[in-house]
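Structure file target-v2.cif with mmCIF, N, CA and C atoms:
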data_structure
loop_
_atom_site.label_atom_id
_atom_site.label_comp_id
_atom_site.auth_asym_id
_atom_site.auth_seq_id
_atom_site.Cartn_x
_atom_site.Cartn_y
_atom_site.Cartn_z
N MET A 103 144.76 117.36 0.11
CA MET A 103 143.84 116.25 0.33
C MET A 103 143.60 115.53 -1.00
N SER A 104 143.80 114.24 -1.01
CA SER A 104 143.64 113.44 -2.22
C SER A 104 142.20 112.96 -2.34
N LEU A 105 141.60 113.25 -3.47
CA LEU A 105 140.23 112.86 -3.73
C LEU A 105 140.20 111.57 -4.53
N LYS A 106 139.36 110.64 -4.13
CA LYS A 106 139.15 109.40 -4.88
C LYS A 106 137.68 109.33 -5.24
N ILE A 107 137.43 109.04 -6.49
CA ILE A 107 136.06 108.90 -6.95
C ILE A 107 135.81 107.43 -7.22
N ASN A 108 135.24 106.75 -6.24
CA ASN A 108 134.90 105.34 -6.40
C ASN A 108 133.49 105.24 -6.97
N GLY A 109 133.27 104.22 -7.74
CA GLY A 109 131.95 104.06 -8.34
C GLY A 109 131.71 102.65 -8.81
N THR A 110 130.60 102.49 -9.49
CA THR A 110 130.15 101.19 -9.96
C THR A 110 130.07 101.19 -11.48
N ILE A 111 130.58 100.15 -12.07
CA ILE A 111 130.32 99.85 -13.48
C ILE A 111 129.35 98.68 -13.47
N ALA A 112 128.16 98.89 -14.03
CA ALA A 112 127.13 97.85 -14.03
C ALA A 112 126.82 97.42 -15.45
N ILE A 113 126.73 96.12 -15.64
CA ILE A 113 126.30 95.55 -16.92
C ILE A 113 125.13 94.63 -16.57
N GLU A 114 123.94 95.04 -16.97
CA GLU A 114 122.74 94.31 -16.59
C GLU A 114 122.03 93.74 -17.81
N GLY A 115 121.42 92.60 -17.60
CA GLY A 115 120.55 92.03 -18.62
C GLY A 115 121.24 91.34 -19.78
N MET A 116 122.46 90.82 -19.56
CA MET A 116 123.11 90.03 -20.62
C MET A 116 122.36 88.70 -20.72
N MET A 117 121.80 88.42 -21.89
CA MET A 117 120.97 87.23 -22.07
C MET A 117 121.69 86.19 -22.92
N PHE A 118 121.55 84.93 -22.51
CA PHE A 118 122.23 83.83 -23.18
C PHE A 118 121.33 82.60 -23.25
N HIS A 119 121.45 81.84 -24.31
CA HIS A 119 120.95 80.47 -24.34
C HIS A 119 122.18 79.63 -24.01
N ALA A 120 122.13 78.92 -22.89
CA ALA A 120 123.31 78.19 -22.43
C ALA A 120 122.89 76.82 -21.91
N TYR A 121 123.89 76.02 -21.55
CA TYR A 121 123.67 74.61 -21.24
C TYR A 121 124.13 74.25 -19.83
N HIS A 122 123.75 75.06 -18.86
CA HIS A 122 124.09 74.80 -17.47
C HIS A 122 122.90 74.11 -16.79
N GLY A 123 123.20 73.17 -15.93
CA GLY A 123 122.13 72.53 -15.18
C GLY A 123 122.59 71.23 -14.56
N TYR A 124 121.92 70.85 -13.52
CA TYR A 124 122.24 69.62 -12.81
C TYR A 124 121.81 68.39 -13.63
N TYR A 125 120.67 68.52 -14.31
CA TYR A 125 120.13 67.37 -15.04
C TYR A 125 120.66 67.33 -16.47
N ALA A 126 120.89 66.11 -16.96
CA ALA A 126 121.42 65.92 -18.31
C ALA A 126 120.55 66.60 -19.37
N GLU A 127 119.25 66.57 -19.17
CA GLU A 127 118.32 67.20 -20.12
C GLU A 127 118.58 68.71 -20.22
N GLU A 128 118.88 69.35 -19.10
CA GLU A 128 119.19 70.78 -19.11
C GLU A 128 120.48 71.06 -19.90
N ARG A 129 121.44 70.19 -19.72
CA ARG A 129 122.72 70.37 -20.42
C ARG A 129 122.60 70.01 -21.91
N ARG A 130 121.59 69.21 -22.25
CA ARG A 130 121.38 68.84 -23.65
C ARG A 130 120.56 69.90 -24.39
N LYS A 131 119.42 70.30 -23.81
CA LYS A 131 118.51 71.24 -24.46
C LYS A 131 118.91 72.70 -24.23
N GLY A 132 119.50 72.97 -23.08
CA GLY A 132 119.84 74.34 -22.74
C GLY A 132 118.64 75.12 -22.23
N GLY A 133 118.90 76.35 -21.87
CA GLY A 133 117.84 77.21 -21.36
C GLY A 133 118.28 78.66 -21.42
N GLN A 134 117.39 79.54 -21.01
CA GLN A 134 117.66 80.97 -21.02
C GLN A 134 118.28 81.40 -19.68
N PHE A 135 119.30 82.23 -19.78
CA PHE A 135 120.00 82.73 -18.61
C PHE A 135 120.19 84.24 -18.76
N ARG A 136 120.20 84.91 -17.61
CA ARG A 136 120.49 86.34 -17.56
C ARG A 136 121.66 86.53 -16.61
N VAL A 137 122.60 87.39 -16.99
CA VAL A 137 123.75 87.69 -16.14
C VAL A 137 123.82 89.19 -15.92
N ASP A 138 123.98 89.57 -14.64
CA ASP A 138 124.18 90.96 -14.24
C ASP A 138 125.50 91.03 -13.48
N VAL A 139 126.31 92.04 -13.80
CA VAL A 139 127.61 92.20 -13.14
C VAL A 139 127.72 93.63 -12.64
N TYR A 140 128.22 93.76 -11.40
CA TYR A 140 128.45 95.06 -10.77
C TYR A 140 129.89 95.09 -10.27
N VAL A 141 130.66 96.03 -10.78
CA VAL A 141 132.07 96.14 -10.43
C VAL A 141 132.32 97.46 -9.71
N GLN A 142 132.95 97.40 -8.56
CA GLN A 142 133.36 98.59 -7.82
C GLN A 142 134.81 98.89 -8.16
N THR A 143 135.10 100.15 -8.48
CA THR A 143 136.44 100.54 -8.87
C THR A 143 136.64 102.03 -8.64
N ASP A 144 137.88 102.47 -8.70
CA ASP A 144 138.21 103.90 -8.64
C ASP A 144 138.00 104.46 -10.04
N LEU A 145 137.05 105.35 -10.18
CA LEU A 145 136.72 105.91 -11.49
C LEU A 145 137.35 107.29 -11.73
N GLN A 146 138.16 107.75 -10.79
CA GLN A 146 138.69 109.10 -10.89
C GLN A 146 139.55 109.33 -12.14
N ARG A 147 140.54 108.49 -12.37
CA ARG A 147 141.46 108.72 -13.51
C ARG A 147 140.71 108.69 -14.84
N GLY A 148 139.81 107.76 -15.00
CA GLY A 148 139.03 107.72 -16.23
C GLY A 148 138.15 108.95 -16.38
N ALA A 149 137.54 109.38 -15.27
CA ALA A 149 136.68 110.56 -15.30
C ALA A 149 137.48 111.82 -15.65
N GLU A 150 138.68 111.94 -15.09
CA GLU A 150 139.51 113.13 -15.34
C GLU A 150 140.10 113.16 -16.74
N THR A 151 140.56 112.00 -17.23
CA THR A 151 141.33 111.98 -18.49
C THR A 151 140.50 111.63 -19.71
N ASP A 152 139.34 111.00 -19.51
CA ASP A 152 138.50 110.55 -20.62
C ASP A 152 139.20 109.52 -21.48
N LEU A 153 140.10 108.72 -20.85
CA LEU A 153 140.86 107.70 -21.56
C LEU A 153 140.47 106.32 -21.05
N LEU A 154 140.19 105.41 -21.98
CA LEU A 154 139.79 104.04 -21.63
C LEU A 154 140.88 103.33 -20.82
N LYS A 155 142.14 103.61 -21.12
CA LYS A 155 143.24 102.93 -20.42
C LYS A 155 143.26 103.26 -18.92
N ASN A 156 142.53 104.29 -18.51
CA ASN A 156 142.53 104.72 -17.11
C ASN A 156 141.28 104.28 -16.34
N THR A 157 140.61 103.28 -16.85
CA THR A 157 139.43 102.76 -16.16
C THR A 157 139.33 101.26 -16.41
N VAL A 158 138.34 100.63 -15.85
CA VAL A 158 138.07 99.21 -16.12
C VAL A 158 137.23 99.15 -17.40
N ASN A 159 137.74 98.45 -18.39
CA ASN A 159 137.06 98.31 -19.67
C ASN A 159 135.97 97.24 -19.53
N TYR A 160 134.72 97.65 -19.60
CA TYR A 160 133.65 96.68 -19.39
C TYR A 160 133.52 95.69 -20.53
N GLU A 161 134.15 95.94 -21.66
CA GLU A 161 134.18 94.94 -22.73
C GLU A 161 134.92 93.68 -22.28
N LEU A 162 135.94 93.84 -21.43
CA LEU A 162 136.67 92.69 -20.90
C LEU A 162 135.77 91.85 -20.00
N ILE A 163 134.93 92.53 -19.22
CA ILE A 163 133.99 91.82 -18.35
C ILE A 163 132.99 91.05 -19.20
N CYS A 164 132.48 91.69 -20.24
CA CYS A 164 131.52 91.03 -21.15
C CYS A 164 132.15 89.80 -21.80
N ALA A 165 133.41 89.91 -22.19
CA ALA A 165 134.11 88.77 -22.81
C ALA A 165 134.23 87.60 -21.84
N ILE A 166 134.50 87.89 -20.57
CA ILE A 166 134.59 86.83 -19.56
C ILE A 166 133.23 86.16 -19.39
N VAL A 167 132.18 86.96 -19.26
CA VAL A 167 130.83 86.42 -19.10
C VAL A 167 130.49 85.53 -20.30
N HIS A 168 130.73 86.02 -21.48
CA HIS A 168 130.43 85.25 -22.70
C HIS A 168 131.20 83.93 -22.71
N ARG A 169 132.47 83.99 -22.37
CA ARG A 169 133.32 82.78 -22.35
C ARG A 169 132.75 81.73 -21.41
N VAL A 170 132.39 82.14 -20.19
CA VAL A 170 131.89 81.18 -19.20
C VAL A 170 130.52 80.65 -19.60
N MET A 171 129.70 81.49 -20.21
CA MET A 171 128.37 81.04 -20.62
C MET A 171 128.44 80.04 -21.77
N GLN A 172 129.54 79.98 -22.50
CA GLN A 172 129.71 79.00 -23.57
C GLN A 172 130.11 77.64 -23.02
N GLU A 173 130.60 77.61 -21.79
CA GLU A 173 130.97 76.35 -21.15
C GLU A 173 129.70 75.66 -20.61
N LYS A 174 129.83 74.41 -20.17
CA LYS A 174 128.72 73.70 -19.54
C LYS A 174 129.09 73.42 -18.09
N HIS A 175 128.21 73.83 -17.18
CA HIS A 175 128.44 73.60 -15.76
C HIS A 175 127.14 73.09 -15.13
N HIS A 176 127.28 72.37 -14.02
CA HIS A 176 126.12 71.83 -13.33
C HIS A 176 125.41 72.88 -12.49
N LEU A 177 126.17 73.71 -11.78
CA LEU A 177 125.58 74.61 -10.79
C LEU A 177 125.77 76.08 -11.16
N LEU A 178 124.75 76.88 -10.91
CA LEU A 178 124.85 78.33 -11.13
C LEU A 178 125.94 78.93 -10.25
N GLU A 179 126.13 78.36 -9.06
CA GLU A 179 127.19 78.83 -8.17
C GLU A 179 128.55 78.75 -8.86
N HIS A 180 128.76 77.66 -9.58
CA HIS A 180 130.05 77.48 -10.26
C HIS A 180 130.19 78.43 -11.44
N VAL A 181 129.10 78.68 -12.14
CA VAL A 181 129.13 79.63 -13.25
C VAL A 181 129.57 81.00 -12.73
N ALA A 182 128.93 81.48 -11.67
CA ALA A 182 129.28 82.79 -11.10
C ALA A 182 130.72 82.79 -10.56
N PHE A 183 131.12 81.70 -9.92
CA PHE A 183 132.47 81.59 -9.39
C PHE A 183 133.51 81.70 -10.50
N ARG A 184 133.28 81.01 -11.62
CA ARG A 184 134.22 81.05 -12.76
C ARG A 184 134.36 82.47 -13.29
N MET A 185 133.26 83.19 -13.36
CA MET A 185 133.32 84.57 -13.84
C MET A 185 134.17 85.43 -12.91
N LEU A 186 133.95 85.30 -11.61
CA LEU A 186 134.73 86.08 -10.64
C LEU A 186 136.21 85.67 -10.67
N GLU A 187 136.45 84.38 -10.83
CA GLU A 187 137.81 83.87 -10.90
C GLU A 187 138.56 84.48 -12.09
N LEU A 188 137.90 84.56 -13.25
CA LEU A 188 138.54 85.11 -14.44
C LEU A 188 138.70 86.63 -14.38
N MET A 189 137.92 87.29 -13.54
CA MET A 189 138.06 88.74 -13.39
C MET A 189 139.36 89.11 -12.68
N ASP A 190 140.05 88.12 -12.10
CA ASP A 190 141.38 88.36 -11.53
C ASP A 190 142.33 88.95 -12.58
N GLU A 191 142.05 88.68 -13.85
CA GLU A 191 142.91 89.14 -14.95
C GLU A 191 142.74 90.63 -15.24
N ILE A 192 141.71 91.27 -14.67
CA ILE A 192 141.41 92.67 -14.97
C ILE A 192 141.93 93.55 -13.83
N ASN A 193 142.81 94.46 -14.16
CA ASN A 193 143.37 95.38 -13.15
C ASN A 193 142.36 96.45 -12.77
N GLY A 194 142.38 96.83 -11.50
CA GLY A 194 141.61 97.96 -11.04
C GLY A 194 140.28 97.64 -10.38
N ILE A 195 139.89 96.37 -10.36
CA ILE A 195 138.62 96.01 -9.74
C ILE A 195 138.82 95.91 -8.23
N HIS A 196 137.98 96.62 -7.46
CA HIS A 196 138.02 96.53 -6.00
C HIS A 196 137.13 95.39 -5.51
N SER A 197 135.94 95.30 -6.11
CA SER A 197 135.02 94.20 -5.80
C SER A 197 134.10 94.00 -6.99
N ALA A 198 133.52 92.82 -7.05
CA ALA A 198 132.58 92.51 -8.13
C ALA A 198 131.48 91.61 -7.58
N LYS A 199 130.28 91.86 -8.08
CA LYS A 199 129.13 91.02 -7.75
C LYS A 199 128.58 90.49 -9.06
N VAL A 200 128.34 89.18 -9.11
CA VAL A 200 127.80 88.53 -10.30
C VAL A 200 126.50 87.85 -9.92
N ARG A 201 125.46 88.11 -10.69
CA ARG A 201 124.17 87.43 -10.51
C ARG A 201 123.89 86.64 -11.78
N VAL A 202 123.71 85.33 -11.63
CA VAL A 202 123.38 84.45 -12.75
C VAL A 202 121.97 83.92 -12.51
N SER A 203 121.07 84.25 -13.41
CA SER A 203 119.66 83.84 -13.29
C SER A 203 119.33 82.79 -14.35
N LYS A 204 118.62 81.76 -13.93
CA LYS A 204 118.06 80.78 -14.86
C LYS A 204 116.60 81.15 -15.03
N ILE A 205 116.22 81.48 -16.26
CA ILE A 205 114.87 81.92 -16.56
C ILE A 205 113.96 80.70 -16.73
N HIS A 206 112.82 80.73 -16.06
CA HIS A 206 111.85 79.62 -16.09
C HIS A 206 112.53 78.28 -15.86
N PRO A 207 113.10 78.09 -14.66
CA PRO A 207 113.80 76.83 -14.37
C PRO A 207 112.82 75.65 -14.37
N PRO A 208 113.34 74.46 -14.64
CA PRO A 208 112.48 73.28 -14.69
C PRO A 208 112.11 72.80 -13.28
N LEU A 209 111.11 73.42 -12.70
CA LEU A 209 110.63 73.07 -11.36
C LEU A 209 109.19 72.59 -11.44
N ASP A 210 108.70 71.98 -10.37
CA ASP A 210 107.32 71.52 -10.33
C ASP A 210 106.34 72.68 -10.14
N ILE A 211 106.84 73.86 -9.87
CA ILE A 211 106.00 75.04 -9.75
C ILE A 211 106.42 76.04 -10.83
N ASN A 212 105.58 77.00 -11.10
CA ASN A 212 105.91 78.02 -12.10
C ASN A 212 106.72 79.12 -11.42
N ALA A 213 107.98 79.23 -11.77
CA ALA A 213 108.84 80.27 -11.22
C ALA A 213 109.44 81.06 -12.38
N GLU A 214 109.44 82.38 -12.25
CA GLU A 214 110.00 83.23 -13.30
C GLU A 214 111.49 83.01 -13.46
N ARG A 215 112.20 82.88 -12.33
CA ARG A 215 113.64 82.67 -12.39
C ARG A 215 114.15 82.24 -11.03
N VAL A 216 115.32 81.66 -11.04
CA VAL A 216 116.12 81.44 -9.84
C VAL A 216 117.46 82.11 -10.13
N TYR A 217 118.10 82.61 -9.07
CA TYR A 217 119.42 83.17 -9.33
C TYR A 217 120.36 82.93 -8.17
N ILE A 218 121.63 82.97 -8.53
CA ILE A 218 122.72 82.89 -7.57
C ILE A 218 123.48 84.20 -7.68
N GLU A 219 123.87 84.74 -6.55
CA GLU A 219 124.62 85.98 -6.54
C GLU A 219 125.86 85.77 -5.68
N LEU A 220 127.02 85.98 -6.27
CA LEU A 220 128.28 85.87 -5.55
C LEU A 220 129.02 87.19 -5.63
N GLU A 221 129.78 87.49 -4.59
CA GLU A 221 130.56 88.72 -4.56
C GLU A 221 132.00 88.40 -4.14
N LYS A 222 132.92 89.09 -4.75
CA LYS A 222 134.35 88.90 -4.42
C LYS A 222 134.99 90.27 -4.24
N GLN A 223 135.91 90.34 -3.26
CA GLN A 223 136.66 91.57 -3.05
C GLN A 223 138.13 91.28 -3.27
N TRP A 224 138.80 92.24 -3.92
CA TRP A 224 140.23 92.16 -4.16
C TRP A 224 140.90 93.12 -3.21
N SER A 225 142.11 92.79 -2.79
CA SER A 225 142.84 93.73 -1.93
C SER A 225 143.31 94.89 -2.79
N VAL A 226 143.10 96.09 -2.28
CA VAL A 226 143.48 97.31 -3.00
C VAL A 226 144.71 97.89 -2.35
N SER A 227 145.76 98.08 -3.16
CA SER A 227 147.00 98.64 -2.59
C SER A 227 147.11 100.12 -2.83
#
Can I see the file as C-alpha cells?
Amino acid sequence: MSLKINGTIAIEGMMFHAYHGYYAEERRKGGQFRVDVYVQTDLQRGAETDLLKNTVNYELICAIVHRVMQEKHHLLEHVAFRMLELMDEINGIHSAKVRVSKIHPPLDINAERVYIELEKQWSVS
C-alpha cells in the first residue's frame, strides 16, 4: 500500500506597501497590503528525505508574491490572479489559495480591511 502525505505550506502575514487600486490616488500614494498563501502539495518525499529539492520551496512562492506586489494593478482580483498564474512555474503544487488584503481601504466607512481570495487547482498526474 502506497502512503501519500499531503499537506499545506502556509505563508501568512506578508506585508507590503504597494500601489494597487482603482483610483489614481491609490496608485500614486500606495497603501498597506497583506498577502496570505496556502499551498496544498504532497509532503511525503520532503518529510522522508529532509531535502529541499523534494518539496515545494516556499521561497519561490515568496519571490512570486514580492514580484507581483511591485507591479501596479487596479483590482485585487487581478493581483491574486497574477500570483496564481506565476505559480504555474513551481512543480509539485496541487492547489493554492491566495488572499490579498487591502488594509484600511479608502471607503466612506471605517473598515479594517477588504480582501480577495482566489484558489486554483492543478491537475496531478
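Counting only C-alpha atoms, the residue from A:Tyr124, A:Trp224, A:Tyr140, A:Phe118 that sits nearest to A:Glu179 is A:Tyr124.
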Which residue gives the smallest distance to A:Asn193 among A:Val170, A:Ile107, A:Ile163, A:Val158, with only N, CA and C atoms counted?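 Answer, going by the shortest atom-to-atom distance: A:Val158.
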Record the distance separating atom N of A:Tyr217 and atom CA of A:Arg136, expressed in Å with one decimal. 9.6 Å
I'd like the contact shell of A:His206 - 12 Å cut-off, only C-alpha atoms, skipping same-chain residues fewer than 2 positions apart - returned as an MDAnalysis selection string. chainID A and resid 128 132:136 203:204 208:217
DSSP on the backbone: what in stretch 123-216 of chain A comes out strand (DSSP E or B), as a VMD selection string? chain A and resid 133 to 144 195 to 205 215 to 216
Any chance you could work out the residue set of the PyMOL selection byres ((chain A and resi 115) around 6) here, as number ranges by chain? A: 113-114, 116-117, 136-138
Identify, on the basis of only C-alpha atoms, every residue whose closest approach to A:Ile195 does not exceed 8 Å; exclude the query and any residue fewer than 2 positions from it along the same chain; express the result as a list of chain:residue names.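 Close residues of A:Ile195: A:Val141, A:Gln142, A:Thr143, A:Asp144, A:Val158, A:Ile192, A:Asn193, A:Ser197, A:Ala198, A:Trp224.
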May I have the residues from that selection written out with N, CA and C atoms, as a PDB file, keeping the file's coordinate frame?
ATOM      1  N   VAL A 141     130.660  96.030 -10.780  1.00  0.00           N
ATOM      2  CA  VAL A 141     132.070  96.140 -10.430  1.00  0.00           C
ATOM      3  C   VAL A 141     132.320  97.460  -9.710  1.00  0.00           C
ATOM      4  N   GLN A 142     132.950  97.400  -8.560  1.00  0.00           N
ATOM      5  CA  GLN A 142     133.360  98.590  -7.820  1.00  0.00           C
ATOM      6  C   GLN A 142     134.810  98.890  -8.160  1.00  0.00           C
ATOM      7  N   THR A 143     135.100 100.150  -8.480  1.00  0.00           N
ATOM      8  CA  THR A 143     136.440 100.540  -8.870  1.00  0.00           C
ATOM      9  C   THR A 143     136.640 102.030  -8.640  1.00  0.00           C
ATOM     10  N   ASP A 144     137.880 102.470  -8.700  1.00  0.00           N
ATOM     11  CA  ASP A 144     138.210 103.900  -8.640  1.00  0.00           C
ATOM     12  C   ASP A 144     138.000 104.460 -10.040  1.00  0.00           C
ATOM     13  N   VAL A 158     138.340 100.630 -15.850  1.00  0.00           N
ATOM     14  CA  VAL A 158     138.070  99.210 -16.120  1.00  0.00           C
ATOM     15  C   VAL A 158     137.230  99.150 -17.400  1.00  0.00           C
ATOM     16  N   ILE A 192     141.710  91.270 -14.670  1.00  0.00           N
ATOM     17  CA  ILE A 192     141.410  92.670 -14.970  1.00  0.00           C
ATOM     18  C   ILE A 192     141.930  93.550 -13.830  1.00  0.00           C
ATOM     19  N   ASN A 193     142.810  94.460 -14.160  1.00  0.00           N
ATOM     20  CA  ASN A 193     143.370  95.380 -13.150  1.00  0.00           C
ATOM     21  C   ASN A 193     142.360  96.450 -12.770  1.00  0.00           C
ATOM     22  N   SER A 197     135.940  95.300  -6.110  1.00  0.00           N
ATOM     23  CA  SER A 197     135.020  94.200  -5.800  1.00  0.00           C
ATOM     24  C   SER A 197     134.100  94.000  -6.990  1.00  0.00           C
ATOM     25  N   ALA A 198     133.520  92.820  -7.050  1.00  0.00           N
ATOM     26  CA  ALA A 198     132.580  92.510  -8.130  1.00  0.00           C
ATOM     27  C   ALA A 198     131.480  91.610  -7.580  1.00  0.00           C
ATOM     28  N   TRP A 224     138.800  92.240  -3.920  1.00  0.00           N
ATOM     29  CA  TRP A 224     140.230  92.160  -4.160  1.00  0.00           C
ATOM     30  C   TRP A 224     140.900  93.120  -3.210  1.00  0.00           C
TER      31      TRP A 224
END
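For the atom pair formed by atom N of A:Val139 and atom CA of A:Arg169, the distance is 14.4 Å, given to one decimal.
In this comparison, which uses all atoms listed in the file, the residue of A:Asp152, A:His119, A:Tyr125, A:Asn108 approaching A:Leu177 most closely is A:Tyr125.
Shell of A:Ala182 at 7 Å, with all atoms listed in the file counted and residues fewer than 4 places along the chain excluded, is A:Leu177, A:Leu178, A:Leu186, A:Glu187, A:Val200, A:Arg201, A:Val202, A:Ile218, A:Leu220.
In this structure, atom N of A:Glu173 sits 11.9 Å away from atom CA of A:Gly123.
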Could you work out an axis-aligned bounding box for all listed atoms of stretch 206-211 of chain A, with 5 Å added on each of the six sides, and give its centre and edge lengths in Å to one decimal, as JSON?
{"center_x": 109.9, "center_y": 76.1, "center_z": -12.9, "size_x": 17.8, "size_y": 19.2, "size_z": 16.3}
Write out as JSON, numbers by chain the residues lying within 8 Å of A:Met171, counting only N, CA and C atoms and excluding same-chain residues fewer than 2 positions away. {"A": [118, 119, 120, 121, 122, 165, 166, 167, 168, 169, 173, 174, 175, 181, 185]}
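For stretch 175-204 of chain A, a DSSP pass over the backbone yields helix (DSSP H, G or I) at Leu178, Glu179, His180, Val181, Ala182, Phe183, Arg184, Met185, Leu186, Glu187, Leu188, Met189, Asp190 and Glu191 of chain A.
With distances taken over all atoms listed in the file, A:Glu219 is the one residue among A:Arg147, A:Gly109, A:Glu219, A:His196 lying closest to A:Phe183.
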